[in-house]
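Coordinates as given in start.txt (compact mmCIF, C-alpha atoms):
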```txt
# COMPACT_ATOMS: atom_id res chain seq x y z
CA MET A 1 0.79 -33.36 2.99
CA LYS A 2 -0.78 -29.94 2.61
CA ILE A 3 0.80 -28.74 5.86
CA LYS A 4 4.20 -30.00 4.73
CA VAL A 5 3.90 -28.12 1.43
CA LEU A 6 2.86 -24.98 3.29
CA THR A 7 5.81 -25.24 5.69
CA GLU A 8 8.20 -25.63 2.77
CA ILE A 9 6.68 -22.62 1.02
CA LEU A 10 6.99 -20.49 4.17
CA GLU A 11 10.61 -21.56 4.74
CA ALA A 12 11.56 -20.77 1.15
CA ASN A 13 9.78 -17.45 1.56
CA ASN A 14 11.76 -16.60 4.71
CA THR A 15 15.03 -17.28 2.91
CA ILE A 16 14.15 -14.88 0.11
CA ALA A 17 12.80 -12.32 2.59
CA ALA A 18 16.20 -12.36 4.35
CA GLU A 19 17.88 -11.71 0.99
CA ASN A 20 15.54 -8.80 0.31
CA ARG A 21 16.37 -7.50 3.78
CA ARG A 22 20.08 -7.44 2.97
CA VAL A 23 19.40 -5.51 -0.25
CA PHE A 24 17.30 -2.94 1.61
CA GLU A 25 19.91 -2.55 4.39
CA LYS A 26 22.72 -2.16 1.88
CA ASN A 27 20.79 0.67 0.28
CA ASN A 28 19.79 2.16 3.66
CA VAL A 29 16.08 1.93 2.83
CA PHE A 30 13.38 1.77 5.52
CA VAL A 31 10.66 -0.68 4.49
CA VAL A 32 7.01 -0.75 5.59
CA ASN A 33 4.64 -3.61 4.76
CA LEU A 34 1.13 -2.09 4.82
CA MET A 35 -1.78 -4.49 5.29
CA SER A 36 -5.54 -4.42 5.86
CA ALA A 37 -8.86 -5.90 4.76
CA PRO A 38 -10.19 -4.77 1.36
CA GLY A 39 -11.57 -1.25 1.40
CA THR A 40 -10.07 -0.21 4.74
CA GLY A 41 -8.16 2.65 3.13
CA LYS A 42 -4.59 1.58 2.39
CA THR A 43 -4.33 3.66 -0.77
CA SER A 44 -6.23 6.59 0.75
CA LEU A 45 -3.78 6.53 3.66
CA LEU A 46 -0.84 6.59 1.26
CA GLU A 47 -2.35 9.56 -0.57
CA ARG A 48 -2.56 11.39 2.76
CA ILE A 49 0.88 10.59 4.17
CA LEU A 50 2.69 10.97 0.85
CA GLU A 51 1.64 14.62 0.86
CA LYS A 52 3.66 15.05 4.05
CA LEU A 53 6.46 12.51 3.81
CA ARG A 54 7.60 13.16 0.27
CA ILE A 55 8.83 16.60 1.36
CA LYS A 56 11.35 14.94 3.67
CA PHE A 57 12.12 11.66 1.95
CA ARG A 58 12.52 10.01 -1.41
CA ILE A 59 9.79 7.38 -1.53
CA GLY A 60 9.17 4.14 -3.42
CA ILE A 61 5.81 2.38 -3.47
CA LEU A 62 5.16 -1.21 -4.46
CA GLU A 63 1.45 -1.71 -5.10
CA GLY A 64 0.30 -5.27 -4.69
CA ASP A 65 -2.98 -6.40 -6.19
CA ILE A 66 -4.43 -9.57 -7.60
CA THR A 67 -5.16 -7.81 -10.84
CA SER A 68 -5.70 -4.20 -12.06
CA THR A 69 -3.58 -1.06 -11.74
CA VAL A 70 -6.23 1.08 -10.03
CA ASP A 71 -4.12 1.90 -6.97
CA ALA A 72 -0.86 2.64 -8.74
CA GLN A 73 -2.67 5.12 -10.98
CA ARG A 74 -3.94 6.95 -7.88
CA LEU A 75 -0.41 7.38 -6.50
CA GLU A 76 1.53 8.31 -9.62
CA LYS A 77 0.58 11.96 -9.32
CA PHE A 78 2.69 12.31 -6.16
CA GLY A 79 5.89 12.07 -8.16
CA VAL A 80 7.17 9.03 -6.26
CA GLN A 81 8.49 5.79 -7.75
CA VAL A 82 5.48 3.44 -8.07
CA VAL A 83 5.47 -0.12 -9.38
CA GLN A 84 2.36 -2.28 -9.58
CA VAL A 85 2.78 -5.99 -8.92
CA ASN A 86 -0.08 -8.28 -9.84
CA THR A 87 -0.07 -11.50 -7.86
CA GLY A 88 -1.93 -13.46 -10.54
CA GLY A 89 -4.63 -14.70 -8.22
CA GLU A 90 -2.56 -15.10 -5.06
CA CYS A 91 -4.15 -13.52 -1.99
CA HIS A 92 -0.91 -12.00 -0.66
CA LEU A 93 2.48 -10.70 -1.71
CA ASP A 94 5.41 -13.02 -1.02
CA ALA A 95 9.13 -12.32 -0.78
CA ASN A 96 9.81 -13.61 -4.28
CA MET A 97 7.33 -11.17 -5.85
CA ILE A 98 9.13 -8.34 -4.06
CA ARG A 99 12.53 -9.61 -5.16
CA ASN A 100 11.39 -9.76 -8.78
CA ALA A 101 10.10 -6.18 -8.60
CA LEU A 102 13.17 -4.63 -6.93
CA PRO A 103 15.18 -4.13 -10.16
CA LEU A 104 12.37 -1.82 -11.32
CA PHE A 105 13.25 0.62 -8.52
CA ASN A 106 16.29 2.80 -8.11
CA LEU A 107 16.86 1.81 -4.47
CA GLY A 108 19.91 4.05 -4.11
CA GLU A 109 17.52 6.98 -4.43
CA ILE A 110 14.85 5.76 -1.99
CA ASP A 111 14.72 6.46 1.75
CA LEU A 112 11.30 4.98 2.50
CA PHE A 113 9.86 2.00 0.65
CA ILE A 114 6.19 1.18 1.26
CA ILE A 115 4.68 -2.12 0.16
CA GLU A 116 0.90 -2.00 -0.12
CA ASN A 117 -0.15 -5.61 0.29
CA VAL A 118 -3.27 -7.31 -1.13
CA GLY A 119 -6.45 -6.48 0.82
CA ASN A 120 -6.67 -9.50 3.14
CA LEU A 121 -6.45 -9.94 6.92
CA VAL A 122 -5.09 -13.48 6.77
CA CYS A 123 -2.20 -14.60 4.54
CA PRO A 124 -0.27 -11.32 4.15
CA ALA A 125 0.58 -11.62 7.87
CA GLU A 126 2.20 -15.03 7.25
CA PHE A 127 4.58 -13.98 4.50
CA LYS A 128 7.60 -11.87 5.44
CA VAL A 129 8.88 -9.82 2.52
CA GLY A 130 12.01 -8.26 4.05
CA GLU A 131 10.30 -5.33 5.77
CA ASP A 132 11.44 -3.29 8.79
CA MET A 133 7.90 -3.30 10.11
CA LYS A 134 4.35 -4.28 9.35
CA ILE A 135 1.60 -1.69 9.74
CA MET A 136 -2.03 -2.75 9.63
CA ILE A 137 -5.17 -0.70 9.22
CA SER A 138 -8.48 -1.48 10.83
CA SER A 139 -11.53 0.72 10.31
CA VAL A 140 -14.61 1.77 12.22
CA PRO A 141 -17.24 0.22 9.90
CA GLU A 142 -15.48 -3.17 10.05
CA GLY A 143 -16.44 -3.53 13.70
CA ASP A 144 -14.36 -4.01 16.84
CA ASP A 145 -14.17 -7.83 16.90
CA LYS A 146 -11.41 -8.32 14.33
CA PRO A 147 -8.48 -9.07 16.71
CA LYS A 148 -10.36 -12.11 18.03
CA LYS A 149 -10.95 -13.39 14.50
CA TYR A 150 -7.66 -12.54 12.77
CA PRO A 151 -5.13 -12.59 15.64
CA LEU A 152 -1.98 -13.20 13.59
CA MET A 153 -2.36 -9.90 11.73
CA PHE A 154 -2.60 -8.00 15.01
CA ARG A 155 0.29 -9.95 16.56
CA GLU A 156 2.66 -9.41 13.63
CA SER A 157 2.04 -5.68 13.25
CA LYS A 158 4.08 -3.02 15.01
CA CYS A 159 1.35 -0.46 14.50
CA MET A 160 -2.44 -0.50 14.11
CA ILE A 161 -4.06 2.45 12.41
CA ILE A 162 -7.77 2.84 13.09
CA ASN A 163 -9.18 4.61 10.02
CA LYS A 164 -12.60 6.19 9.30
CA ILE A 165 -13.05 7.62 12.79
CA ASP A 166 -15.33 10.18 11.13
CA LEU A 167 -17.85 7.28 11.16
CA LEU A 168 -17.74 6.83 14.94
CA GLY A 169 -21.30 6.83 16.24
CA THR A 170 -22.86 5.36 13.08
CA SER A 171 -22.72 1.82 14.55
CA ASP A 172 -22.08 0.10 17.88
CA PHE A 173 -18.34 0.08 17.17
CA SER A 174 -16.27 0.84 20.28
CA LEU A 175 -12.74 2.26 19.99
CA GLU A 176 -12.05 1.03 23.50
CA ARG A 177 -13.09 -2.55 22.74
CA LEU A 178 -10.91 -2.66 19.61
CA ARG A 179 -7.90 -1.18 21.43
CA GLU A 180 -8.27 -3.55 24.36
CA SER A 181 -8.60 -6.73 22.35
CA ALA A 182 -5.74 -5.73 20.02
CA LEU A 183 -3.46 -4.91 22.98
CA GLU A 184 -4.35 -8.20 24.61
CA ILE A 185 -2.85 -9.97 21.60
CA ASN A 186 0.02 -7.55 21.13
CA PRO A 187 0.76 -5.37 24.18
CA GLY A 188 3.43 -3.36 22.34
CA LEU A 189 1.13 -2.34 19.50
CA LYS A 190 1.33 1.37 18.62
CA ILE A 191 -2.14 2.73 17.82
CA PHE A 192 -3.25 5.78 15.84
CA ASN A 193 -6.84 6.95 15.31
CA ILE A 194 -7.20 8.66 11.97
CA SER A 195 -9.60 9.72 9.27
CA CYS A 196 -8.35 9.83 5.69
CA LYS A 197 -11.49 11.80 4.91
CA THR A 198 -11.02 14.66 7.41
CA GLY A 199 -7.24 14.35 7.85
CA GLU A 200 -7.52 13.87 11.62
CA GLY A 201 -4.55 12.01 13.09
CA ILE A 202 -2.52 12.14 9.87
CA PRO A 203 0.13 14.60 11.21
CA GLU A 204 0.80 12.44 14.31
CA LEU A 205 1.11 9.26 12.23
CA SER A 206 3.34 10.95 9.64
CA ASN A 207 5.62 12.29 12.39
CA TRP A 208 5.97 8.86 13.93
CA ILE A 209 6.97 7.32 10.60
CA ARG A 210 9.28 10.24 9.87
CA LYS A 211 11.19 9.67 13.12
CA LEU A 212 11.58 5.95 12.44
CA VAL A 213 12.98 6.59 8.98
CA LYS A 214 15.31 9.33 10.28
CA ASN A 215 16.68 7.07 13.01
CA GLN A 216 17.39 4.38 10.46
CA LYS A 217 19.27 6.90 8.33
CA LYS A 218 21.70 7.84 11.11
CA MET B 1 5.86 -26.31 -8.75
CA LYS B 2 3.66 -24.10 -6.62
CA ILE B 3 1.11 -23.83 -9.44
CA LYS B 4 1.08 -27.61 -9.85
CA VAL B 5 0.44 -28.11 -6.13
CA LEU B 6 -2.36 -25.54 -6.26
CA THR B 7 -3.97 -27.24 -9.24
CA GLU B 8 -3.86 -30.58 -7.45
CA ILE B 9 -5.39 -29.07 -4.33
CA LEU B 10 -8.20 -27.46 -6.33
CA GLU B 11 -8.93 -30.69 -8.22
CA ALA B 12 -9.07 -32.70 -4.99
CA ASN B 13 -11.32 -30.02 -3.57
CA ASN B 14 -13.71 -30.23 -6.53
CA THR B 15 -14.02 -33.98 -6.09
CA ILE B 16 -15.00 -33.62 -2.44
CA ALA B 17 -17.32 -30.70 -3.24
CA ALA B 18 -19.18 -32.96 -5.70
CA GLU B 19 -19.56 -35.57 -2.95
CA ASN B 20 -20.92 -32.94 -0.56
CA ARG B 21 -23.30 -31.88 -3.33
CA ARG B 22 -24.72 -35.40 -3.57
CA VAL B 23 -25.25 -35.53 0.20
CA PHE B 24 -27.10 -32.20 0.14
CA GLU B 25 -29.25 -33.27 -2.83
CA LYS B 26 -30.11 -36.57 -1.23
CA ASN B 27 -31.34 -34.67 1.83
CA ASN B 28 -33.11 -32.04 -0.28
CA VAL B 29 -31.13 -29.22 1.34
CA PHE B 30 -30.59 -25.86 -0.37
CA VAL B 31 -27.04 -24.62 0.28
CA VAL B 32 -25.74 -21.04 0.26
CA ASN B 33 -22.04 -20.15 0.47
CA LEU B 34 -21.91 -16.63 1.96
CA MET B 35 -18.74 -14.64 1.38
CA SER B 36 -17.37 -11.14 1.90
CA ALA B 37 -14.41 -9.12 3.16
CA PRO B 38 -13.93 -8.99 6.95
CA GLY B 39 -16.42 -6.73 8.69
CA THR B 40 -18.82 -6.39 5.77
CA GLY B 41 -21.70 -7.84 7.79
CA LYS B 42 -22.07 -11.56 7.07
CA THR B 43 -23.14 -12.41 10.61
CA SER B 44 -25.30 -9.29 10.94
CA LEU B 45 -27.04 -10.27 7.71
CA LEU B 46 -27.68 -13.77 9.05
CA GLU B 47 -29.15 -12.29 12.24
CA ARG B 48 -31.52 -10.24 10.10
CA ILE B 49 -32.64 -12.92 7.63
CA LEU B 50 -32.86 -15.69 10.22
CA GLU B 51 -35.59 -13.66 11.94
CA LYS B 52 -37.66 -14.04 8.77
CA LEU B 53 -36.55 -17.33 7.22
CA ARG B 54 -36.66 -19.53 10.30
CA ILE B 55 -40.44 -19.12 10.36
CA LYS B 56 -40.67 -20.89 7.00
CA PHE B 57 -37.68 -23.22 7.02
CA ARG B 58 -35.52 -25.41 9.21
CA ILE B 59 -32.07 -23.86 9.00
CA GLY B 60 -28.51 -25.02 9.54
CA ILE B 61 -25.55 -22.65 9.78
CA LEU B 62 -21.90 -23.55 9.39
CA GLU B 63 -19.75 -20.72 10.74
CA GLY B 64 -16.26 -20.63 9.25
CA ASP B 65 -13.53 -18.72 11.01
CA ILE B 66 -9.78 -18.96 11.37
CA THR B 67 -10.15 -19.09 15.12
CA SER B 68 -12.73 -18.02 17.76
CA THR B 69 -16.43 -18.82 18.15
CA VAL B 70 -17.63 -15.20 18.23
CA ASP B 71 -20.04 -15.57 15.30
CA ALA B 72 -21.57 -18.90 16.30
CA GLN B 73 -22.38 -17.47 19.71
CA ARG B 74 -24.25 -14.59 18.06
CA LEU B 75 -26.46 -16.99 16.09
CA GLU B 76 -27.26 -19.63 18.68
CA LYS B 77 -30.12 -17.61 20.11
CA PHE B 78 -32.15 -18.07 16.92
CA GLY B 79 -32.73 -21.72 17.73
CA VAL B 80 -31.16 -22.97 14.50
CA GLN B 81 -28.49 -25.67 14.17
CA VAL B 82 -25.11 -23.87 14.33
CA VAL B 83 -21.67 -25.44 14.06
CA GLN B 84 -18.43 -23.47 14.20
CA VAL B 85 -15.57 -24.68 12.03
CA ASN B 86 -12.12 -23.22 12.71
CA THR B 87 -9.86 -23.41 9.68
CA GLY B 88 -6.67 -23.47 11.75
CA GLY B 89 -5.06 -20.55 9.95
CA GLU B 90 -6.42 -21.24 6.47
CA CYS B 91 -7.96 -18.16 4.82
CA HIS B 92 -10.99 -19.98 3.38
CA LEU B 93 -13.26 -22.96 3.91
CA ASP B 94 -12.66 -25.91 1.62
CA ALA B 95 -14.88 -28.85 0.71
CA ASN B 96 -13.12 -31.20 3.09
CA MET B 97 -13.78 -28.95 6.09
CA ILE B 98 -17.46 -28.96 5.17
CA ARG B 99 -17.49 -32.74 4.73
CA ASN B 100 -15.93 -33.22 8.16
CA ALA B 101 -18.56 -30.99 9.76
CA LEU B 102 -21.63 -32.52 8.08
CA PRO B 103 -22.05 -35.39 10.58
CA LEU B 104 -22.57 -32.73 13.26
CA PHE B 105 -25.79 -31.65 11.53
CA ASN B 106 -29.07 -33.46 11.25
CA LEU B 107 -29.40 -32.83 7.50
CA GLY B 108 -32.73 -34.65 7.27
CA GLU B 109 -34.21 -31.84 9.33
CA ILE B 110 -32.67 -28.93 7.43
CA ASP B 111 -34.22 -27.10 4.44
CA LEU B 112 -31.70 -24.28 4.11
CA PHE B 113 -28.02 -24.65 4.93
CA ILE B 114 -25.93 -21.48 5.06
CA ILE B 115 -22.14 -21.57 5.10
CA GLU B 116 -20.58 -18.36 6.41
CA ASN B 117 -17.12 -18.37 4.89
CA VAL B 118 -13.95 -16.73 6.27
CA GLY B 119 -13.86 -12.96 5.74
CA ASN B 120 -11.77 -12.74 2.59
CA LEU B 121 -12.48 -11.56 -0.97
CA VAL B 122 -9.94 -13.86 -2.61
CA CYS B 123 -9.57 -17.58 -1.87
CA PRO B 124 -13.13 -18.43 -0.74
CA ALA B 125 -14.21 -17.79 -4.35
CA GLU B 126 -11.76 -20.45 -5.59
CA PHE B 127 -12.94 -23.30 -3.38
CA LYS B 128 -16.27 -24.93 -4.19
CA VAL B 129 -17.83 -26.58 -1.14
CA GLY B 130 -20.90 -28.22 -2.71
CA GLU B 131 -23.18 -25.19 -2.58
CA ASP B 132 -26.23 -24.37 -4.73
CA MET B 133 -25.12 -20.78 -4.96
CA LYS B 134 -22.57 -18.29 -3.74
CA ILE B 135 -23.78 -14.99 -2.33
CA MET B 136 -21.32 -12.19 -1.70
CA ILE B 137 -21.67 -9.01 0.33
CA SER B 138 -20.05 -5.73 -0.53
CA SER B 139 -20.52 -2.63 1.61
CA VAL B 140 -20.66 1.11 1.17
CA PRO B 141 -17.58 2.01 3.30
CA GLU B 142 -15.41 -0.47 1.36
CA GLY B 143 -15.66 1.70 -1.75
CA ASP B 144 -16.95 1.00 -5.23
CA ASP B 145 -13.73 -0.27 -6.85
CA LYS B 146 -13.77 -3.83 -5.52
CA PRO B 147 -14.98 -5.66 -8.69
CA LYS B 148 -11.90 -4.42 -10.56
CA LYS B 149 -9.60 -5.68 -7.80
CA TYR B 150 -11.27 -8.97 -6.81
CA PRO B 151 -13.04 -10.03 -10.03
CA LEU B 152 -13.29 -13.77 -9.30
CA MET B 153 -15.49 -13.20 -6.26
CA PHE B 154 -17.93 -11.13 -8.33
CA ARG B 155 -17.84 -13.60 -11.23
CA GLU B 156 -18.53 -16.66 -9.07
CA SER B 157 -21.42 -15.16 -7.11
CA LYS B 158 -25.04 -15.44 -8.15
CA CYS B 159 -26.00 -12.49 -5.95
CA MET B 160 -24.27 -9.38 -4.62
CA ILE B 161 -25.71 -7.78 -1.52
CA ILE B 162 -24.67 -4.16 -0.99
CA ASN B 163 -24.79 -3.63 2.78
CA LYS B 164 -24.56 -0.49 4.95
CA ILE B 165 -26.53 1.72 2.57
CA ASP B 166 -27.36 3.80 5.67
CA LEU B 167 -23.80 5.13 5.16
CA LEU B 168 -24.46 6.41 1.61
CA GLY B 169 -23.31 10.01 1.41
CA THR B 170 -20.55 9.67 4.02
CA SER B 171 -17.93 9.08 1.31
CA ASP B 172 -17.57 9.35 -2.48
CA PHE B 173 -18.93 5.80 -2.86
CA SER B 174 -21.27 5.46 -5.85
CA LEU B 175 -23.91 2.70 -5.97
CA GLU B 176 -24.06 3.14 -9.73
CA ARG B 177 -20.31 2.67 -10.20
CA LEU B 178 -20.29 -0.49 -8.06
CA ARG B 179 -23.32 -1.94 -9.88
CA GLU B 180 -21.89 -1.16 -13.30
CA SER B 181 -18.45 -2.62 -12.68
CA ALA B 182 -19.89 -5.73 -11.01
CA LEU B 183 -22.35 -6.30 -13.88
CA GLU B 184 -19.55 -5.84 -16.39
CA ILE B 185 -17.84 -8.88 -14.83
CA ASN B 186 -21.04 -10.84 -14.22
CA PRO B 187 -24.05 -9.62 -16.24
CA GLY B 188 -26.43 -12.08 -14.56
CA LEU B 189 -25.61 -10.89 -11.04
CA LYS B 190 -28.68 -10.32 -8.85
CA ILE B 191 -28.18 -7.21 -6.69
CA PHE B 192 -29.86 -6.12 -3.44
CA ASN B 193 -29.22 -2.87 -1.56
CA ILE B 194 -29.66 -3.38 2.15
CA SER B 195 -28.86 -2.05 5.60
CA CYS B 196 -28.54 -4.53 8.44
CA LYS B 197 -28.72 -1.51 10.74
CA THR B 198 -32.06 -0.09 9.55
CA GLY B 199 -33.49 -3.28 8.02
CA GLU B 200 -33.95 -1.67 4.60
CA GLY B 201 -33.97 -4.24 1.79
CA ILE B 202 -34.08 -7.25 4.14
CA PRO B 203 -37.68 -8.29 3.23
CA GLU B 204 -36.91 -8.27 -0.52
CA LEU B 205 -33.74 -10.31 -0.03
CA SER B 206 -35.44 -12.78 2.31
CA ASN B 207 -38.29 -13.26 -0.17
CA TRP B 208 -35.87 -13.98 -2.99
CA ILE B 209 -34.05 -16.63 -0.93
CA ARG B 210 -37.38 -18.05 0.24
CA LYS B 211 -38.54 -18.57 -3.34
CA LEU B 212 -35.30 -20.30 -4.32
CA VAL B 213 -35.52 -22.70 -1.41
CA LYS B 214 -39.21 -23.40 -2.06
CA ASN B 215 -38.54 -24.17 -5.73
CA GLN B 216 -35.84 -26.61 -4.75
CA LYS B 217 -38.23 -28.32 -2.35
CA LYS B 218 -40.80 -29.03 -5.06
```
For this file, write the structure as structure tokens.
Amino acid sequence: MKIKVLTEILEANNTIAAENRRVFEKNNVFVVNLMSAPGTGKTSLLERILEKLRIKFRIGILEGDITSTVDAQRLEKFGVQVVQVNTGGECHLDANMIRNALPLFNLGEIDLFIIENVGNLVCPAEFKVGEDMKIMISSVPEGDDKPKKYPLMFRESKCMIINKIDLLGTSDFSLERLRESALEINPGLKIFNISCKTGEGIPELSNWIRKLVKNQKK
Amino acid sequence: MKIKVLTEILEANNTIAAENRRVFEKNNVFVVNLMSAPGTGKTSLLERILEKLRIKFRIGILEGDITSTVDAQRLEKFGVQVVQVNTGGECHLDANMIRNALPLFNLGEIDLFIIENVGNLVCPAEFKVGEDMKIMISSVPEGDDKPKKYPLMFRESKCMIINKIDLLGTSDFSLERLRESALEINPGLKIFNISCKTGEGIPELSNWIRKLVKNQKK
């Protein structure tokens, strides 16, 4: 019974995600669904890459959280369109929440739309929202065993960002072990090592995103 | 519709949790539901406190994970009863999963039963499993803003363990800010600062748990 309900929910979600997709394509908007565990640095990453990307593109940010507007407040200063969506207890954003928020954006004036999902390594990976790609963040203090424990997240993502590399050496975390086990699940995974604290790796990541958005715009 | 289904699921869960509770009470077992975000150090904490607590008590561990047996393997060497429960994609343990696993334990020979939940700051807090208390772990690299974003977890827990205090000073994390915002949500919250790496705070935490289990045994 529970599985049946879940299947129905996921099918309904996919239908709405496809509708969102058509709206984004019509407006020529490139859409990123950004996911990670709590405290891995999604908002810090956005602060870093917005500095670079907003020079080239008009950007919209949808901030997903269970409650609070902490993250949206942090991003408003960048002069981009930011809307906070509270999920009301749900542990992920779904396609319908995105659809309901879209009228709050002026999509005709957005090139890159970034959805910051709820901090959670499980359910956000199950719910398509109409994105061009999913990006996930892992981080050094979380340890290198996460692909084994949360495989769907690593399988669904086009890119894994490894954040907090300034903390390499403070634990037995191994970059090599994380890379290997993530690539075992998803051989095509693009990987960036970064530190939102020091800025290391941010230019390379920003350039990669910039090229993807530019190609879409052609 | 979705809300109705969720309410029904939570009510059914509460009924089974109450049944589990009676089984634990009958066997005079003290039950801890241990929760945190992924990579915060639930299993590392267990490794540390099992060293101390297994001298005094007979211990059972139920390891919850979406998939994999990584954590159970880490704990087997302590000579305690360990059972791994895979949730099959679900982002939390529920009371029924616990009920199904109980026959695999010899409860008559267990004083302290610890349930390591799935790494997730959201749904595990919603699902009672029949525990005496919930303990949550937060950690320094996750940042100090988590109570604002995941309030239910902080409200439901009797104790918050702040792990990885060896990393204090590597970011703008403030112990005081985390304590204050957690206590604002849950004024009765018991707080321990620890490092599973250095062992700091582990004796105090172990003593506190030891006293609770001993009182129950009277």
* Quick one: residues within 6 Å of region 105-113 of chain B, all atoms listed in the file counted, chain neighbours fewer than 2 positions away excluded, as a ChimeraX atom specification? -> /B:27,29-31,57-61,102-103
Chain B residues near chain A (6 Å cut-off, only C-alpha atoms) as a PDB file with C-alpha atoms, in the coordinates of the input:
```pdb
ATOM      1  CA  GLY B  39     -16.420  -6.730   8.690  1.00  0.00           C
ATOM      2  CA  THR B  67     -10.150 -19.090  15.120  1.00  0.00           C
ATOM      3  CA  SER B  68     -12.730 -18.020  17.760  1.00  0.00           C
ATOM      4  CA  CYS B  91      -7.960 -18.160   4.820  1.00  0.00           C
ATOM      5  CA  VAL B 122      -9.940 -13.860  -2.610  1.00  0.00           C
ATOM      6  CA  GLU B 142     -15.410  -0.470   1.360  1.00  0.00           C
ATOM      7  CA  GLY B 143     -15.660   1.700  -1.750  1.00  0.00           C
ATOM      8  CA  LYS B 149      -9.600  -5.680  -7.800  1.00  0.00           C
TER       9      LYS B 149
END
```
* Between CA of Trp208 (chain A) and CA of Leu189 (chain A), distance in Å (one decimal) -> 13.4 Å
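The spacing separating CA of Gly130 (chain B) from CA of Ile191 (chain B) amounts to 22.6 Å.
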* Distance in Å - CA of Glu200 (chain A) versus CA of Met133 (chain A) ->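 That distance, rounded to one decimal, is 23.1 Å.
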* To do: Pull the neighbourhood of (-29.1, -14.9, -8.2) for me: all residues within 6 Å in file coordinates, counting all atoms listed in the file, as JSON, numbers by chain.
  => {"B": [158, 159, 190]}
* Polymer residues at most 12 Å from Leu45 (chain A), all atoms listed in the file, same-chain spacing of 5 or more positions, as a VMD selection string -> chain A and resid 34 to 36 39 to 40 50 to 53 71 74 to 75 114 116 135 to 139 161 to 164 194 to 203 205 to 206
Please produce an output containing C-alpha atoms for each residue in the selection, written as a PDB file, keeping the file's coordinate frame.
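Contents of the output file out-v1.pdb:
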```pdb
ATOM      1  CA  LEU A  34       1.130  -2.090   4.820  1.00  0.00           C
ATOM      2  CA  MET A  35      -1.780  -4.490   5.290  1.00  0.00           C
ATOM      3  CA  SER A  36      -5.540  -4.420   5.860  1.00  0.00           C
ATOM      4  CA  GLY A  39     -11.570  -1.250   1.400  1.00  0.00           C
ATOM      5  CA  THR A  40     -10.070  -0.210   4.740  1.00  0.00           C
ATOM      6  CA  LEU A  50       2.690  10.970   0.850  1.00  0.00           C
ATOM      7  CA  GLU A  51       1.640  14.620   0.860  1.00  0.00           C
ATOM      8  CA  LYS A  52       3.660  15.050   4.050  1.00  0.00           C
ATOM      9  CA  LEU A  53       6.460  12.510   3.810  1.00  0.00           C
ATOM     10  CA  ASP A  71      -4.120   1.900  -6.970  1.00  0.00           C
ATOM     11  CA  ARG A  74      -3.940   6.950  -7.880  1.00  0.00           C
ATOM     12  CA  LEU A  75      -0.410   7.380  -6.500  1.00  0.00           C
ATOM     13  CA  ILE A 114       6.190   1.180   1.260  1.00  0.00           C
ATOM     14  CA  GLU A 116       0.900  -2.000  -0.120  1.00  0.00           C
ATOM     15  CA  ILE A 135       1.600  -1.690   9.740  1.00  0.00           C
ATOM     16  CA  MET A 136      -2.030  -2.750   9.630  1.00  0.00           C
ATOM     17  CA  ILE A 137      -5.170  -0.700   9.220  1.00  0.00           C
ATOM     18  CA  SER A 138      -8.480  -1.480  10.830  1.00  0.00           C
ATOM     19  CA  SER A 139     -11.530   0.720  10.310  1.00  0.00           C
ATOM     20  CA  ILE A 161      -4.060   2.450  12.410  1.00  0.00           C
ATOM     21  CA  ILE A 162      -7.770   2.840  13.090  1.00  0.00           C
ATOM     22  CA  ASN A 163      -9.180   4.610  10.020  1.00  0.00           C
ATOM     23  CA  LYS A 164     -12.600   6.190   9.300  1.00  0.00           C
ATOM     24  CA  ILE A 194      -7.200   8.660  11.970  1.00  0.00           C
ATOM     25  CA  SER A 195      -9.600   9.720   9.270  1.00  0.00           C
ATOM     26  CA  CYS A 196      -8.350   9.830   5.690  1.00  0.00           C
ATOM     27  CA  LYS A 197     -11.490  11.800   4.910  1.00  0.00           C
ATOM     28  CA  THR A 198     -11.020  14.660   7.410  1.00  0.00           C
ATOM     29  CA  GLY A 199      -7.240  14.350   7.850  1.00  0.00           C
ATOM     30  CA  GLU A 200      -7.520  13.870  11.620  1.00  0.00           C
ATOM     31  CA  GLY A 201      -4.550  12.010  13.090  1.00  0.00           C
ATOM     32  CA  ILE A 202      -2.520  12.140   9.870  1.00  0.00           C
ATOM     33  CA  PRO A 203       0.130  14.600  11.210  1.00  0.00           C
ATOM     34  CA  LEU A 205       1.110   9.260  12.230  1.00  0.00           C
ATOM     35  CA  SER A 206       3.340  10.950   9.640  1.00  0.00           C
TER      36      SER A 206
END
```
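Neighbours of Leu93 (chain A) closer than or equal to 8 Å, with only C-alpha atoms counted and sequence neighbours fewer than 6 positions away skipped, come out as Gly64, Thr87, Asn117, Val118, Pro124, Phe127 and Val129 of chain A.
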Could you please take those selected residues and save C-alpha atoms as a PDB file, in the coordinates of the input?
```
ATOM      1  CA  GLY A  64       0.300  -5.270  -4.690  1.00  0.00           C
ATOM      2  CA  THR A  87      -0.070 -11.500  -7.860  1.00  0.00           C
ATOM      3  CA  ASN A 117      -0.150  -5.610   0.290  1.00  0.00           C
ATOM      4  CA  VAL A 118      -3.270  -7.310  -1.130  1.00  0.00           C
ATOM      5  CA  PRO A 124      -0.270 -11.320   4.150  1.00  0.00           C
ATOM      6  CA  PHE A 127       4.580 -13.980   4.500  1.00  0.00           C
ATOM      7  CA  VAL A 129       8.880  -9.820   2.520  1.00  0.00           C
TER       8      VAL A 129
END
```
Produce the centre coordinates and the three edge lengths, each in Å to one decimal, of the box along x, y and z that contains all listed atoms of region 23-36 of chain B with 5 Å added on each side, as AutoDock Vina command-line options.
```
--center_x -25.2 --center_y -23.9 --center_z -0.4 --size_x 25.7 --size_y 35.4 --size_z 14.8
```
* Return the single residue from A:Arg177, A:Lys42, A:Lys214, A:Lys77 that is closest to Ile115 (chain A), with distances computed using all atoms listed in the file. =>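 Ranked by minimum distance to Ile115 (chain A), first place goes to A:Lys42.
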